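First the structure, in the form of structure tokens, and then the observations on it.
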Amino acid sequence: MSIIFAVKKSAFYKTILILTSLTLFFSQLKCTAPVKPVEAKNGMVVSASTIASEVGVKILKEGGNAVDAAVATGFALAVTLPYAGNIGGGGFMVIHLSDGTNTTIDYREKAPLSAFREMYLDEEGNVIPRLSLEGALSVGVPGSVAGMIYALKKYGTMPLEKVIQPAIDLAEKGWVLDESTANGFKKFVDVFKKYPSTYKVFTKNGIPYEEGDVFKQPDLAHTLELIRDKGADGFYKGKVADLIVKQMKEMNGLITYEDLENYNPVERNPVTGNYRGYEIVSMPPPSSGGIALIELLNILENFNLNEEGWGSSLYIHRLVEAMKYVYADRTVYLGDADFYPVPVKELISKEYAKEIFKKIGDAAVPSTQISAGNFNKHYESPQTTHYSVYDANGNAVSVTTTLNSEFGSKVVVEGAGFLLNNEMNDFVEKPGVPNQFGLMGGEANSIEPEKRMLSSMTPTIVLKEDKPYIIVGSPGGSRIITTVLQVILNCIEFNMNIQKAINSPRIHHQWMPDTIFCETGALDDDTKDKLTEMGYSIVEGEITIGMAEGIMIDNKSKIIYGASDTRGTGAAAGY
Ligand code: GLY
């Protein structure tokens, strides 16, 4: 726990800058703000790409179930959302089937076999800047292809060739670039220049793509065809594996044939909780998301939040104090539970939440005076994108997938046409040194061969009377958890429709730095004054917190409501 005090002031300010700059990417993605969700009777897909949502809903219309549609959407996103959609990254899928089954599929990236704890440190033990963030050494063994194919085989109804074909067509024939994607390419053009294979894909022989250009990805189309024809072996073996290993060798990366062959998705029991009678079904470790969300809801259930008023200083104070305790626990206890004994039961117990609740009084407690819980006495651990799917039979799928930063490691595999992740930055490089999201950690999330790095991704399904009520998730690194929390609270405590719940401005606190980050409009002047008087430091302005994609189902009227976050340019597509 001493790591909390090891954070240098410079690191603290760097974290604020990084958190702010990461959000600028999304602040350019603004579009008009619908206040009403899209309504449908039969099925719904909501993703950060209009084209990918349409691909998913077409699969539903053709008789596919929510898993078929989710996998089709996932592959389409690898083509139409280059900064985050992927086959070179990883993700989590939370599934609720109409027979009552709740399950999750973990296809998080793994550390290569030759990875080691100090791999990002110099001889003096200092973190080498950007080594875990860019280039071949930042890449974890990708899991997306194996995970999506596992989900489709076990829970889907359609063959792979059917659900992957739209993605192949989009990559081969191209699609018309929208303004935000073209701007995203331009923003990173100098970074891409360092990597010829990437520069080749995301520029026209060095000339930036413009909005309205048709963007074709022939190498990616061929890779997708190999996956279509050979399944996971089309990616983890043969030509694509050769190209990945070649790229690694040329750039001093660590991933070998053995790493690729060893990759396995894992089906895990979801982490579940209960909030005012609603069942919360979310992602267990190696995500911190489900545990943190349930711990937060357990603490907050002890307050009468709806009586305090949305956005009031008291409401924000309670949210923020709860967030501090939960992120302190995340820092110390959360990691890959296959490698570290994460105290899941203790962290999500109502009894533990009650203890934290009792510590939350009227005053703002500085983060330095808050530490992770002591479980000895309890004992008997940007950029990303989310999509939500619901089908006519009541099956629900909630998927968050990631390359980590925008465009991941920035390395496209030459000849294979896809970007590799930079997920290794989600490990702890050195205790007390924050990662790109300002998150810290210790032993629980240290680097070990084949270990999965801790994630904040929180794909979640909320059940009401055992049926899906809300399907939601978000990108945003450390801010994913607090985004999902606030969408759920907006729906349950403040009766907002799903679009309003998602559009409403959000706040975020992650224990360290001891700062409330808030979007414009989240706090009015009076609230800001009161919170400042209470001792809070507030950073407000050109930042966005998360980009949620959600579905709400009214089981009485049988209407399905879809809402894509107006912070982005995605869409809800229903029928
Ligand atoms: N790479 C962001 C996360 O998994 O939390």
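Identifiers in this document derive from the order of the structure tokens: chains are assigned A, B, ..., residues are numbered from 1 separately in each chain, and ligands are numbered from 1 in order of occurrence.
Around ligand 1, using only C-alpha atoms and all ligand atoms and a cut-off of 6 Å, the residues in contact are Thr402, Asn404, Glu423, Ser455, Ser456, Met457 and Gly477 of chain A.
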Next, the residues of the selection above should be written as a CSV table (one decimal), in the first residue's frame with C-alpha atoms.
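Saved file result-v1.csv follows:
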chain,number,residue,atom,x,y,z
A,402,THR,CA,-9.7,-2.8,-27.1
A,404,ASN,CA,-5.7,0.0,-25.5
A,423,GLU,CA,-2.1,-3.7,-23.9
A,455,SER,CA,-8.5,-4.2,-17.4
A,456,SER,CA,-11.1,-1.6,-16.5
A,457,MET,CA,-13.5,-2.8,-19.2
A,477,GLY,CA,-9.6,3.4,-19.6
Which residues, written as a compact mmCIF listing (two decimals) with all heavy atoms, in the first residue's frame, have at least one atom at most 8 Å from Ala572 (chain A), with only C-alpha atoms counted and residues fewer than 6 positions away on the same chain left out?
# COMPACT_ATOMS: atom_id res chain seq x y z
N VAL A 38 -33.32 5.24 -29.98
CA VAL A 38 -33.93 4.57 -31.13
C VAL A 38 -34.83 3.47 -30.58
O VAL A 38 -34.46 2.75 -29.66
CB VAL A 38 -32.82 3.97 -32.02
CG1 VAL A 38 -33.40 3.07 -33.10
CG2 VAL A 38 -31.97 5.08 -32.63
N MET A 44 -31.76 -5.10 -31.51
CA MET A 44 -31.03 -3.83 -31.51
C MET A 44 -29.53 -4.09 -31.42
O MET A 44 -29.09 -5.00 -30.69
CB MET A 44 -31.48 -3.03 -30.28
CG MET A 44 -30.86 -1.68 -30.11
SD MET A 44 -31.58 -0.42 -31.18
CE MET A 44 -33.20 -0.20 -30.49
N VAL A 45 -28.77 -3.30 -32.15
CA VAL A 45 -27.32 -3.32 -32.02
C VAL A 45 -26.87 -1.86 -31.86
O VAL A 45 -27.28 -1.01 -32.65
CB VAL A 45 -26.63 -3.93 -33.26
CG1 VAL A 45 -25.10 -3.91 -33.10
CG2 VAL A 45 -27.12 -5.35 -33.51
N VAL A 46 -26.06 -1.59 -30.87
CA VAL A 46 -25.54 -0.24 -30.68
C VAL A 46 -24.03 -0.32 -30.61
O VAL A 46 -23.48 -1.06 -29.79
CB VAL A 46 -26.06 0.40 -29.37
CG1 VAL A 46 -25.67 1.87 -29.31
CG2 VAL A 46 -27.56 0.25 -29.23
N SER A 47 -23.37 0.40 -31.49
CA SER A 47 -21.90 0.39 -31.46
C SER A 47 -21.39 1.77 -31.83
O SER A 47 -22.15 2.66 -32.21
CB SER A 47 -21.34 -0.64 -32.46
OG SER A 47 -21.31 -0.09 -33.76
N THR A 50 -21.60 3.34 -37.15
CA THR A 50 -22.92 3.14 -37.76
C THR A 50 -22.91 1.92 -38.67
O THR A 50 -23.85 1.11 -38.64
CB THR A 50 -23.29 4.40 -38.58
OG1 THR A 50 -23.18 5.52 -37.72
CG2 THR A 50 -24.70 4.33 -39.13
N SER A 53 -22.97 -1.31 -36.67
CA SER A 53 -24.30 -1.56 -36.07
C SER A 53 -25.24 -2.12 -37.13
O SER A 53 -26.03 -3.04 -36.86
CB SER A 53 -24.90 -0.26 -35.50
OG SER A 53 -24.12 0.23 -34.46
N GLY A 562 -32.47 1.82 -27.99
CA GLY A 562 -31.02 1.81 -28.21
C GLY A 562 -30.48 3.22 -28.18
O GLY A 562 -31.11 4.14 -28.69
N ALA A 563 -29.30 3.38 -27.58
CA ALA A 563 -28.72 4.72 -27.47
C ALA A 563 -27.22 4.67 -27.65
O ALA A 563 -26.52 3.99 -26.90
CB ALA A 563 -29.06 5.32 -26.11
N SER A 564 -26.75 5.42 -28.65
CA SER A 564 -25.32 5.56 -28.85
C SER A 564 -24.90 6.90 -28.26
O SER A 564 -25.60 7.91 -28.41
CB SER A 564 -25.01 5.52 -30.35
OG SER A 564 -23.63 5.65 -30.55
Can you pull out every residue within 12 Å of region 356-364 of chain A, counting only C-alpha atoms, but drop anything in the same chain fewer than 3 positions away, and send it as number ranges by chain? A: 295-303, 313-326, 328-329, 347-353, 367-374, 511, 514-516, 530-537
With distances taken over only C-alpha atoms, the candidate from A:Val57, A:Leu420, A:Asp426, A:Pro166 nearest Ala40 (chain A) is A:Val57
Could you pull the residues within 12 Å of Leu463 (chain A), counting only C-alpha atoms, minus those fewer than 5 positions along the same chain, as an MDAnalysis selection string? chainID A and resid 95:98 100:102 272:282 394:396 468:472 488 492 552:555
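Taking CA of Gly125 (chain A) as the reference point, CA of Ser288 (chain A) is found at 27.2 Å.
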Which neighbours of Pro343 (chain A) fall inside 12 Å, counting only C-alpha atoms, when residues of the same chain fewer than 2 positions from it are skipped, and could you give them as a ChimeraX atom specification? /A:284-285,288,291,329-330,332-337,340-341,345-349,352,373-376,378-381,444
